[in-house]
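Source file: model.csv; contents: CSV, C-alpha atoms and all ligand atoms.
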chain,number,residue,atom,x,y,z
A,734,MET,CA,33.7,-84.5,45.5
A,735,THR,CA,36.5,-83.7,43.1
A,736,ARG,CA,37.6,-80.1,43.1
A,737,GLY,CA,39.6,-79.7,39.9
A,738,LEU,CA,42.6,-77.6,39.1
A,739,ASN,CA,41.1,-74.5,37.6
A,740,PHE,CA,43.2,-72.6,35.2
A,741,SER,CA,40.3,-70.4,33.9
A,742,ALA,CA,41.1,-66.7,33.1
A,743,GLY,CA,38.0,-65.4,34.8
A,744,PRO,CA,35.8,-66.0,36.6
A,745,SER,CA,38.6,-68.1,38.0
A,746,THR,CA,39.7,-70.3,40.9
A,747,LEU,CA,39.0,-69.0,44.4
A,748,PRO,CA,40.9,-69.9,47.6
A,749,GLU,CA,39.3,-72.9,49.1
A,750,PRO,CA,39.3,-71.5,52.7
A,751,ALA,CA,37.3,-68.6,51.6
A,752,LEU,CA,34.7,-70.8,49.9
A,753,ARG,CA,34.5,-73.0,52.9
A,754,GLN,CA,33.9,-70.1,55.2
A,755,ALA,CA,31.2,-68.8,52.9
A,756,GLN,CA,29.6,-72.2,52.9
A,757,ALA,CA,29.7,-72.6,56.7
A,758,GLU,CA,28.1,-69.2,57.4
A,759,LEU,CA,25.8,-69.0,54.4
A,760,LEU,CA,22.6,-69.5,56.4
A,761,ASP,CA,23.5,-67.5,59.5
A,762,TRP,CA,26.2,-64.9,59.2
A,763,ARG,CA,27.8,-63.6,62.3
A,764,GLY,CA,24.8,-64.5,64.5
A,765,THR,CA,22.4,-62.2,62.6
A,766,GLY,CA,20.0,-65.1,61.9
A,767,ALA,CA,20.3,-64.4,58.2
A,768,SER,CA,22.6,-64.9,55.2
A,769,VAL,CA,24.8,-62.0,54.4
A,770,ALA,CA,23.0,-62.0,51.1
A,771,GLU,CA,19.7,-61.3,52.9
A,772,LEU,CA,20.7,-58.2,54.9
A,773,SER,CA,20.3,-54.5,54.3
A,774,HIS,CA,23.5,-52.9,53.1
A,775,ARG,CA,22.6,-50.0,55.4
A,776,GLY,CA,22.4,-52.1,58.5
A,777,ALA,CA,25.2,-52.0,61.1
A,778,PRO,CA,26.5,-55.6,60.4
A,779,PHE,CA,27.0,-55.0,56.7
A,780,MET,CA,28.4,-51.4,57.2
A,781,ALA,CA,30.9,-52.8,59.6
A,782,LEU,CA,31.9,-55.5,57.1
A,783,ALA,CA,32.3,-52.9,54.4
A,784,ALA,CA,34.7,-50.9,56.6
A,785,GLU,CA,36.7,-54.1,57.5
A,786,ILE,CA,37.1,-55.1,53.9
A,787,GLU,CA,38.2,-51.6,52.8
A,788,ALA,CA,40.8,-51.6,55.6
A,789,ASP,CA,42.0,-55.1,54.7
A,790,LEU,CA,42.3,-54.3,51.0
A,791,ARG,CA,44.2,-51.1,51.8
A,792,ARG,CA,46.6,-53.1,53.9
A,793,LEU,CA,47.0,-55.8,51.3
A,794,LEU,CA,47.7,-53.4,48.5
A,795,ASP,CA,49.3,-50.7,50.6
A,796,VAL,CA,46.9,-48.0,49.2
A,797,PRO,CA,48.0,-44.5,50.3
A,798,GLU,CA,45.5,-42.1,52.0
A,799,SER,CA,45.6,-39.9,48.9
A,800,HIS,CA,43.5,-42.5,47.1
A,801,ALA,CA,39.9,-43.5,47.6
A,802,VAL,CA,39.0,-47.2,47.3
A,803,LEU,CA,35.6,-48.0,45.7
A,804,PHE,CA,33.7,-51.2,45.5
A,805,MET,CA,31.5,-51.1,42.4
A,806,GLN,CA,29.6,-53.2,39.9
A,807,GLY,CA,29.7,-53.2,36.1
A,808,GLY,CA,33.1,-54.9,35.8
A,809,ALA,CA,36.3,-53.4,34.3
A,810,THR,CA,34.4,-52.5,31.1
A,811,LEU,CA,32.1,-50.0,32.9
A,812,GLN,CA,35.2,-48.3,34.3
A,813,GLN,CA,36.5,-47.9,30.7
A,814,VAL,CA,33.5,-45.7,30.1
A,815,LEU,CA,33.6,-43.9,33.5
A,816,VAL,CA,37.3,-42.9,33.0
A,817,PRO,CA,36.7,-40.5,30.1
A,818,LEU,CA,33.3,-39.4,31.5
A,819,ASN,CA,34.9,-38.5,34.9
A,820,PHE,CA,38.4,-37.3,34.0
A,821,ALA,CA,38.1,-35.6,30.6
A,822,ALA,CA,36.2,-32.7,29.1
A,823,PRO,CA,34.1,-33.6,26.1
A,824,GLY,CA,36.4,-34.3,23.1
A,825,GLN,CA,39.6,-33.7,25.1
A,826,ALA,CA,42.6,-35.8,24.1
A,827,ALA,CA,43.4,-39.0,26.0
A,828,GLY,CA,46.4,-41.3,25.4
A,829,TYR,CA,46.0,-45.0,25.1
A,830,LEU,CA,48.9,-47.5,25.1
A,831,VAL,CA,48.0,-50.6,23.0
A,832,THR,CA,49.5,-53.9,24.2
A,833,GLY,CA,46.7,-56.3,23.5
A,834,HIS,CA,43.0,-57.1,23.3
A,835,TRP,CA,42.0,-55.3,26.5
A,836,SER,CA,43.8,-52.0,25.6
A,837,LYS,CA,41.8,-52.0,22.4
A,838,VAL,CA,38.5,-52.6,24.2
A,839,ALA,CA,39.4,-49.6,26.5
A,840,MET,CA,39.9,-47.4,23.5
A,841,LYS,CA,36.7,-48.5,21.9
A,842,GLN,CA,34.7,-47.8,25.1
A,843,ALA,CA,36.2,-44.3,25.4
A,844,ARG,CA,35.8,-43.2,21.8
A,845,PRO,CA,32.3,-41.7,22.1
A,846,TYR,CA,33.6,-39.3,24.8
A,847,VAL,CA,37.2,-38.3,24.1
A,848,ASP,CA,39.7,-37.8,21.3
A,849,VAL,CA,41.3,-41.2,21.7
A,850,ARG,CA,45.0,-41.1,20.7
A,851,GLU,CA,47.0,-44.3,20.4
A,852,ILE,CA,50.3,-43.3,21.9
A,853,ALA,CA,52.1,-46.5,20.8
A,854,SER,CA,51.0,-50.0,19.8
A,855,SER,CA,52.6,-53.5,19.7
A,856,GLU,CA,49.8,-54.7,17.4
A,857,PRO,CA,52.1,-54.6,14.2
A,858,GLY,CA,54.4,-57.1,16.0
A,859,GLY,CA,51.5,-59.3,17.0
A,860,PHE,CA,51.3,-58.1,20.6
A,861,HIS,CA,54.5,-59.8,21.6
A,862,GLY,CA,55.9,-56.9,23.6
A,863,VAL,CA,55.5,-53.5,25.0
A,864,PRO,CA,56.5,-50.4,22.9
A,865,PRO,CA,59.6,-48.8,24.6
A,866,ARG,CA,58.7,-45.8,26.7
A,867,GLU,CA,60.7,-43.4,24.6
A,868,THR,CA,58.6,-44.2,21.5
A,869,TRP,CA,55.3,-43.2,23.2
A,870,GLN,CA,53.6,-40.1,21.6
A,871,VAL,CA,51.7,-38.6,24.6
A,872,PRO,CA,49.7,-35.5,23.6
A,873,ALA,CA,50.7,-32.6,25.9
A,874,ASP,CA,47.0,-31.8,26.6
A,875,ALA,CA,46.0,-35.4,27.3
A,876,ALA,CA,43.5,-35.8,30.2
A,877,TYR,CA,45.1,-39.1,31.1
A,878,VAL,CA,47.2,-41.9,29.8
A,879,HIS,CA,45.5,-45.4,29.9
A,880,VAL,CA,47.6,-48.5,30.1
A,881,THR,CA,46.7,-52.2,30.6
A,882,GLY,CA,48.8,-53.6,33.4
A,883,ASN,CA,48.3,-57.1,32.3
A,884,GLU,CA,46.9,-58.3,29.0
A,885,THR,CA,44.9,-61.3,30.0
A,886,ILE,CA,44.5,-62.7,26.5
A,887,HIS,CA,47.8,-61.9,24.9
A,888,GLY,CA,49.8,-62.6,28.1
A,889,VAL,CA,51.8,-59.4,28.2
A,890,GLU,CA,52.4,-57.7,31.6
A,891,LEU,CA,53.9,-54.2,32.2
A,892,PRO,CA,56.7,-54.5,34.7
A,893,ASP,CA,55.8,-51.3,36.4
A,894,VAL,CA,53.5,-48.3,36.6
A,895,PRO,CA,54.7,-46.2,33.6
A,896,ASP,CA,55.7,-42.6,34.1
A,897,ALA,CA,53.7,-40.0,32.1
A,898,GLY,CA,55.0,-36.9,33.8
A,899,ASP,CA,52.2,-34.7,35.0
A,900,ILE,CA,49.6,-36.6,33.2
A,901,PRO,CA,47.7,-39.1,35.4
A,902,VAL,CA,48.1,-42.8,34.5
A,903,VAL,CA,45.0,-44.9,34.5
A,904,MET,CA,45.8,-48.6,34.7
A,905,ASP,CA,43.6,-51.6,34.1
A,906,VAL,CA,44.9,-54.1,36.7
A,907,SER,CA,42.0,-56.6,36.4
A,908,SER,CA,44.2,-59.6,36.0
A,909,ASN,CA,47.3,-58.7,38.1
A,910,ILE,CA,46.1,-56.7,41.0
A,911,ALA,CA,47.5,-58.2,44.3
A,912,SER,CA,49.8,-60.5,42.4
A,913,ARG,CA,52.9,-58.5,43.6
A,914,PRO,CA,53.5,-55.2,45.4
A,915,MET,CA,52.5,-52.2,43.2
A,916,ASP,CA,53.1,-48.5,43.9
A,917,PHE,CA,49.6,-47.1,43.8
A,918,SER,CA,50.8,-43.6,44.8
A,919,ARG,CA,52.0,-43.4,41.2
A,920,VAL,CA,48.6,-44.1,39.5
A,921,GLY,CA,45.8,-41.6,39.0
A,922,MET,CA,43.4,-44.5,39.0
A,923,ALA,CA,43.6,-48.3,38.9
A,924,TYR,CA,40.6,-50.5,38.3
A,925,ALA,CA,40.0,-54.2,38.4
A,926,GLY,CA,37.1,-56.6,37.8
A,927,ALA,CA,37.4,-58.8,40.9
A,928,GLN,CA,36.9,-62.1,39.1
A,929,LYS,CA,40.5,-62.6,38.0
A,930,ASN,CA,42.7,-62.3,41.1
A,931,LEU,CA,40.5,-60.8,43.9
A,932,GLY,CA,37.3,-62.7,44.2
A,933,PRO,CA,34.0,-63.4,42.4
A,934,SER,CA,32.6,-61.6,39.3
A,935,GLY,CA,30.1,-58.8,40.0
A,936,ALA,CA,32.5,-56.8,42.2
A,937,THR,CA,34.9,-54.2,40.8
A,938,VAL,CA,37.6,-52.4,42.8
A,939,VAL,CA,38.6,-48.9,41.9
A,940,ILE,CA,41.6,-47.1,43.5
A,941,VAL,CA,41.5,-43.4,42.5
A,942,HIS,CA,43.5,-40.3,43.5
A,943,ARG,CA,41.1,-38.0,45.3
A,944,ASP,CA,42.3,-35.0,43.2
A,945,LEU,CA,41.1,-36.7,40.1
A,946,LEU,CA,37.6,-37.0,41.6
A,947,GLU,CA,37.4,-33.2,41.6
A,948,ARG,CA,37.6,-33.0,37.8
A,949,ALA,CA,34.4,-31.8,36.1
A,950,GLY,CA,34.3,-34.5,33.5
A,951,GLN,CA,31.3,-34.7,31.2
A,952,PRO,CA,27.5,-34.4,31.7
A,953,ARG,CA,26.3,-37.6,33.3
A,954,GLY,CA,23.9,-39.0,35.8
A,955,ASP,CA,25.0,-39.3,39.4
A,956,ILE,CA,25.4,-43.1,39.2
A,957,LEU,CA,28.2,-42.5,36.7
A,958,VAL,CA,30.0,-40.0,39.0
A,959,LEU,CA,32.9,-41.6,40.8
A,960,LYS,CA,33.1,-38.8,43.4
A,961,SER,CA,29.5,-39.6,44.4
A,962,HIS,CA,30.4,-43.3,44.9
A,963,ALA,CA,33.3,-42.2,47.0
A,964,ALA,CA,31.2,-39.8,49.1
A,965,GLN,CA,28.6,-42.5,49.7
A,966,GLY,CA,31.0,-45.2,50.7
A,967,SER,CA,30.2,-47.2,47.5
A,968,MET,CA,26.5,-47.3,48.5
A,969,LEU,CA,25.1,-44.8,46.1
A,970,ASN,CA,22.6,-47.6,45.2
A,971,THR,CA,22.3,-51.2,46.4
A,972,PRO,CA,25.7,-52.8,46.1
A,973,ALA,CA,26.4,-56.4,45.2
A,974,THR,CA,26.6,-57.3,48.9
A,975,PHE,CA,27.3,-61.0,48.6
A,976,ASN,CA,30.1,-60.5,46.0
A,977,TRP,CA,31.6,-57.8,48.2
A,978,TYR,CA,31.5,-60.1,51.2
A,979,LEU,CA,33.2,-63.0,49.2
A,980,LEU,CA,35.8,-60.6,47.9
A,981,GLY,CA,36.5,-59.7,51.5
A,982,LEU,CA,37.0,-63.4,52.4
A,983,CYS,CA,39.5,-63.7,49.6
A,984,VAL,CA,41.4,-60.6,50.6
A,985,ARG,CA,41.6,-61.9,54.2
A,986,TRP,CA,43.0,-65.1,52.9
A,987,MET,CA,45.7,-63.3,50.9
A,988,LEU,CA,46.7,-61.3,54.0
A,989,ASP,CA,46.8,-64.5,56.1
A,990,GLU,CA,49.1,-66.1,53.5
A,991,GLY,CA,51.6,-63.3,53.7
A,992,GLY,CA,50.3,-60.6,51.5
A,993,THR,CA,51.6,-59.3,48.1
A,994,PRO,CA,55.3,-59.9,48.8
A,995,GLU,CA,54.6,-63.6,49.4
A,996,PHE,CA,52.4,-63.9,46.3
A,997,ALA,CA,55.1,-62.1,44.3
A,998,ARG,CA,57.5,-64.9,45.2
A,999,ARG,CA,55.0,-67.7,44.6
A,1000,ASN,CA,53.8,-66.2,41.3
A,1001,ALA,CA,57.4,-65.8,40.1
A,1002,ARG,CA,58.1,-69.5,40.8
A,1003,LYS,CA,54.9,-70.7,39.2
A,1004,ALA,CA,55.5,-68.6,36.0
A,1005,ALA,CA,59.2,-69.8,35.9
A,1006,LEU,CA,58.0,-73.4,36.1
A,1007,LEU,CA,55.5,-73.1,33.3
A,1008,TYR,CA,57.6,-70.9,30.9
A,1009,GLY,CA,60.5,-73.2,31.6
A,1010,ALA,CA,58.5,-76.2,30.5
A,1011,ILE,CA,57.3,-74.4,27.4
A,1012,ASP,CA,60.8,-73.1,26.4
A,1013,GLY,CA,62.3,-76.5,27.2
A,1014,SER,CA,60.0,-78.5,25.0
A,1015,GLY,CA,62.1,-78.2,21.9
A,1016,GLY,CA,59.3,-76.3,20.1
A,1017,PHE,CA,56.5,-78.8,20.9
A,1018,TYR,CA,54.9,-75.9,23.0
A,1019,ARG,CA,55.5,-72.2,22.2
A,1020,ASN,CA,55.0,-68.8,23.7
A,1021,ASP,CA,56.2,-65.8,21.6
A,1022,VAL,CA,56.0,-63.0,24.2
A,1023,ASP,CA,59.2,-61.1,24.8
A,1024,ALA,CA,60.9,-62.5,27.9
A,1025,GLY,CA,60.9,-59.3,29.9
A,1026,VAL,CA,57.1,-58.7,29.6
A,1027,ARG,CA,55.7,-62.2,29.8
A,1028,SER,CA,52.7,-62.3,32.1
A,1029,ARG,CA,53.1,-64.1,35.3
A,1030,MET,CA,49.3,-64.4,35.5
A,1031,ASN,CA,48.1,-65.6,32.1
A,1032,VAL,CA,50.3,-67.9,30.1
A,1033,PRO,CA,49.1,-68.4,26.5
A,1034,PHE,CA,50.9,-71.2,24.6
A,1035,VAL,CA,50.3,-73.1,21.3
A,1036,LEU,CA,51.1,-76.7,20.4
A,1037,HIS,CA,53.3,-77.1,17.4
A,1038,ASP,CA,50.5,-79.1,15.8
A,1039,PRO,CA,47.1,-77.5,16.3
A,1040,GLY,CA,45.7,-80.9,15.3
A,1041,LEU,CA,46.7,-82.0,18.9
A,1042,ASP,CA,44.7,-79.3,20.6
A,1043,ALA,CA,41.5,-81.4,21.1
A,1044,ALA,CA,43.5,-84.3,22.5
A,1045,PHE,CA,45.4,-82.0,24.9
A,1046,LEU,CA,42.2,-80.6,26.2
A,1047,ALA,CA,40.4,-83.9,26.5
A,1048,GLU,CA,43.3,-85.5,28.4
A,1049,SER,CA,43.8,-82.5,30.7
A,1050,GLU,CA,40.1,-82.5,31.5
A,1051,ALA,CA,40.2,-86.2,32.3
A,1052,LEU,CA,42.8,-85.2,35.0
A,1053,HIS,CA,40.4,-82.6,36.3
A,1054,MET,CA,42.3,-79.6,34.9
A,1055,ILE,CA,39.7,-77.0,34.0
A,1056,GLY,CA,39.8,-74.0,31.6
A,1057,LEU,CA,43.0,-74.5,29.6
A,1058,LYS,CA,41.4,-73.7,26.2
A,1059,GLY,CA,43.0,-70.5,24.9
A,1060,HIS,CA,41.0,-67.4,23.9
A,1061,LYS,CA,39.7,-67.6,20.4
A,1062,ALA,CA,41.7,-64.4,19.5
A,1063,VAL,CA,45.0,-66.3,19.9
A,1064,GLY,CA,44.0,-70.0,19.8
A,1065,GLY,CA,45.9,-72.8,21.5
A,1066,MET,CA,46.0,-73.0,25.3
A,1067,ARG,CA,46.1,-70.5,28.2
A,1068,ALA,CA,46.9,-71.3,31.8
A,1069,SER,CA,45.9,-68.6,34.3
A,1070,LEU,CA,48.1,-68.7,37.4
A,1071,TYR,CA,46.3,-66.4,39.8
A,1072,ASN,CA,47.1,-66.2,43.5
A,1073,ALA,CA,44.6,-69.0,44.4
A,1074,MET,CA,46.4,-71.4,42.1
A,1075,PRO,CA,48.9,-73.4,44.2
A,1076,GLU,CA,52.4,-74.2,43.0
A,1077,SER,CA,51.4,-77.9,43.2
A,1078,GLY,CA,48.7,-77.2,40.6
A,1079,VAL,CA,51.3,-75.7,38.2
A,1080,GLN,CA,53.6,-78.7,38.8
A,1081,ALA,CA,50.7,-81.0,37.9
A,1082,LEU,CA,50.1,-79.1,34.7
A,1083,VAL,CA,53.8,-79.2,33.8
A,1084,ASP,CA,54.0,-82.9,34.5
A,1085,PHE,CA,51.0,-83.5,32.3
A,1086,MET,CA,52.5,-81.4,29.5
A,1087,ARG,CA,55.7,-83.4,29.5
A,1088,ASP,CA,53.8,-86.7,29.6
A,1089,PHE,CA,51.6,-85.5,26.7
A,1090,GLN,CA,54.6,-84.6,24.7
A,1091,ALA,CA,56.3,-87.9,25.3
A,1092,ARG,CA,53.2,-89.7,24.0
A,1093,HIS,CA,52.4,-87.4,21.1
A,1094,GLY,CA,55.8,-85.8,20.2
B,1,LIG,C1,38.5,-59.5,32.1
B,1,LIG,C2,39.1,-58.2,31.8
B,1,LIG,C3,38.4,-57.1,31.4
B,1,LIG,C4,36.9,-57.1,31.3
B,1,LIG,O1,36.3,-57.3,32.6
B,1,LIG,P1,34.8,-57.3,32.9
B,1,LIG,O2,34.7,-57.4,34.4
B,1,LIG,O3,34.2,-58.5,32.2
B,1,LIG,O4,34.2,-56.0,32.4
B,1,LIG,C5,39.0,-55.9,31.2
B,1,LIG,N1,40.4,-55.8,31.3
B,1,LIG,C6,41.1,-56.9,31.6
B,1,LIG,C7,42.6,-56.7,31.7
B,1,LIG,C8,40.5,-58.1,31.8
B,1,LIG,O5,41.3,-59.1,32.1
In structure tokens, write the structure found in this file.
Amino acid sequence: MTRGLNFSAGPSTLPEPALRQAQAELLDWRGTGASVAELSHRGAPFMALAAEIEADLRRLLDVPESHAVLFMQGGATLQQVLVPLNFAAPGQAAGYLVTGHWSKVAMKQARPYVDVREIASSEPGGFHGVPPRETWQVPADAAYVHVTGNETIHGVELPDVPDAGDIPVVMDVSSNIASRPMDFSRVGMAYAGAQKNLGPSGATVVIVHRDLLERAGQPRGDILVLKSHAAQGSMLNTPATFNWYLLGLCVRWMLDEGGTPEFARRNARKAALLYGAIDGSGGFYRNDVDAGVRSRMNVPFVLHDPGLDAAFLAESEALHMIGLKGHKAVGGMRASLYNAMPESGVQALVDFMRDFQARHG
């Protein structure tokens, strides 16, 4: 068996101990005589597991009691529809900060339901930075301000939860949740598809201030009401039990490794190693994102000669490096350095990049 070094943006690499545990107990989970995937979500064993996972995730992320934690399906994209439906009156203004591809998707998803206002955009500059806070035009009557904590495709990361005064901040943290300590007391809502840094696809984590759940929102069926999901312990309908379980194993692994302070240190070292190699290549490799907002999770880079892309990918794949091809929107390469990617993996990538340059430069 060869387990490769997986740099995919999502679904992405998972911690090997979590996968091994899932493998070991796949047929008989906790002495129930059944796989966790075969049991009722309403039964005592799964209900206990759900409570354990919520407690673990709250501990990992230091989520305050003011906020509910939901485990849902539908990915980050569904949340981009639920945000306007739950937090805004029909046609009410909502502010959107545009820092890359996923900010634009969030706006597009919200447009049928709210008066979408772009408060600032880095698109004219090619998504290389974050518009300075003092340039943001936030409508005074905005229902919320939406920001993307980490742009997975363009490789731009907000250093902090921005301040929007009395207007709640909604933050897409799909690709940087749990990568460093974050102050969730300062967000109205944060949401994340699990498949980047938390676990498998098919599970979505929502952290939402309980006050926001009291907003009337817009006419919608109960399955689209976040307050109902909270009231029913994220079991309004049949949840994705296996994905939830596997997410729980990944969260437990992160706690065992030292939690978000430890991952913040590891992720800073990994990012410094890779950006250092790119910047030190004399232009052979290039990343144009402003230094202060370069993503520690997703590092897009181009080769000075795109004619070398195919060779770069073929040679890296021969070394069992997976998923380095960049998103089509930006081209080139992208290395995703989520929590489950060890420092030795990034070192191997950097060694390969230097060797590749020596032979093709
Ligand atoms: C991947 C991603 C999404 C889309 O997530 P789905 O789970 O596929 O809906 C949205 N936002 C960001 C920042 C992402 O990285």
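Atom pair atom CA of Leu945 of chain A / atom CA of Ala876 of chain A: separated by 10.2 Å.
Distance check against Ala897 of chain A using only C-alpha atoms: of A:Val847, A:Leu830, A:Leu760, A:Leu815, the minimum falls on A:Leu830.
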Legend entry - Leu946 of chain A environment, 12 Å, only C-alpha atoms, sequence neighbours closer than 4 positions dropped, as a PyMOL selection string: chain A and resi 799-803+815-816+818-821+921-922+939-942+950+957-964
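Once all atoms listed in the file are used for the distance check, the residues close to ligand LIG 1 (chain B) at 6 Å turn out to be A:Gly808, A:Ala809, A:Thr810, A:Trp835, A:Asn883, A:Glu884, A:Thr885, A:Asp905, A:Ser907, A:Ser908, A:Gly926.
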Inset, instruction - Choose the residue, out of A:Ser836, A:Thr937, A:Ser1014, A:Ser1049, that has the smallest atom-to-atom separation from Phe1034 of chain A; count all atoms listed in the file. - result: A:Ser1014
Inset, instruction - Using only C-alpha atoms, find the one residue out of A:Arg792, A:Arg1019, A:Lys929, A:Arg948 that sits nearest to Met1074 of chain A. - result: A:Lys929
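Relative to atom CA of Ala1010 of chain A, atom CA of Arg1027 of chain A is found at 14.3 Å.
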Legend entry - Near-Gln806 of chain A list (8 Å; all atoms listed in the file; drop same-chain fewer than 2 positions) as number ranges by chain: A: 804, 808, 935-937, 972-973
Inset, instruction - Using all atoms listed in the file, find the one residue out of A:Asp944, A:Phe917, A:Ile910, A:Leu1007 that sits nearest to Gln1080 of chain A. - result: A:Leu1007
Legend entry - Point-to-point distance in Å for atom CA of Ala1004 of chain A and atom CA of Leu738 of chain A: 16.0 Å
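Distance annotation: of A:Arg866, A:Arg985, A:Lys1058, A:Arg1029, the residue with the minimal separation from Ala1043 of chain A is A:Lys1058; atom set is all atoms listed in the file.
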Closest pair table for segment 934-1007 of chain A residues within 9 Å of segment 765-781 of chain A, all atoms listed in the file, as CSV:
residue,atom,partner,partner_atom,distance
A:Met968,CA,A:His774,CA,7.8
A:Thr971,CA,A:His774,CA,7.0
A:Pro972,CA,A:His774,CA,7.3
A:Ala973,CA,A:Ala770,CA,8.8
A:Thr974,CA,A:Ala770,CA,6.3
A:Phe975,CA,A:Ala770,CA,5.1
A:Asn976,CA,A:Ala770,CA,8.9
A:Tyr978,CA,A:Val769,CA,7.7
Legend entry - Polymer residues at most 10 Å from Val902 of chain A, all atoms listed in the file, same-chain spacing of 2 or more positions, as a PyMOL selection string: chain A and resi 828-829+876-880+894-900+904-905+919-923
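Residue nearest Ser967 of chain A, chosen from A:Phe740, A:Ser745, A:Leu979, A:Ala784 and counting all atoms listed in the file: A:Ala784.
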Inset, instruction - Find the residues around Asp874 of chain A up to 9 Å (only C-alpha atoms counted), leave out those fewer than 5 positions away in its own chain, and share them as a ChimeraX atom specification. - result: /A:825-827,900
Around all the atoms of segment 810-814 of chain A listed in the file, with 6 Å of room on each side, what axis-aligned box do you get, giving centre and edge lengths in Å to one decimal, as JSON?
{"center_x": 34.3, "center_y": -49.1, "center_z": 32.2, "size_x": 16.4, "size_y": 18.8, "size_z": 16.2}
Inset, instruction - Please identify all polymer residues within 8 Å of segment 1068-1071 of chain A, counting all atoms listed in the file, omitting same-chain residues fewer than 4 positions from it, and present them as a PyMOL selection string. - result: chain A and resi 740-742+746+909+912+929-930+1000+1003-1004+1029-1033+1056-1057+1059+1079
Inset, instruction - Taking (38.0, -75.7, 43.2) in the file's own coordinates, collect the residues within 9 Å, counting all atoms listed in the file, and hand them back as a ChimeraX atom specification. - result: /A:735-739,746-749,752
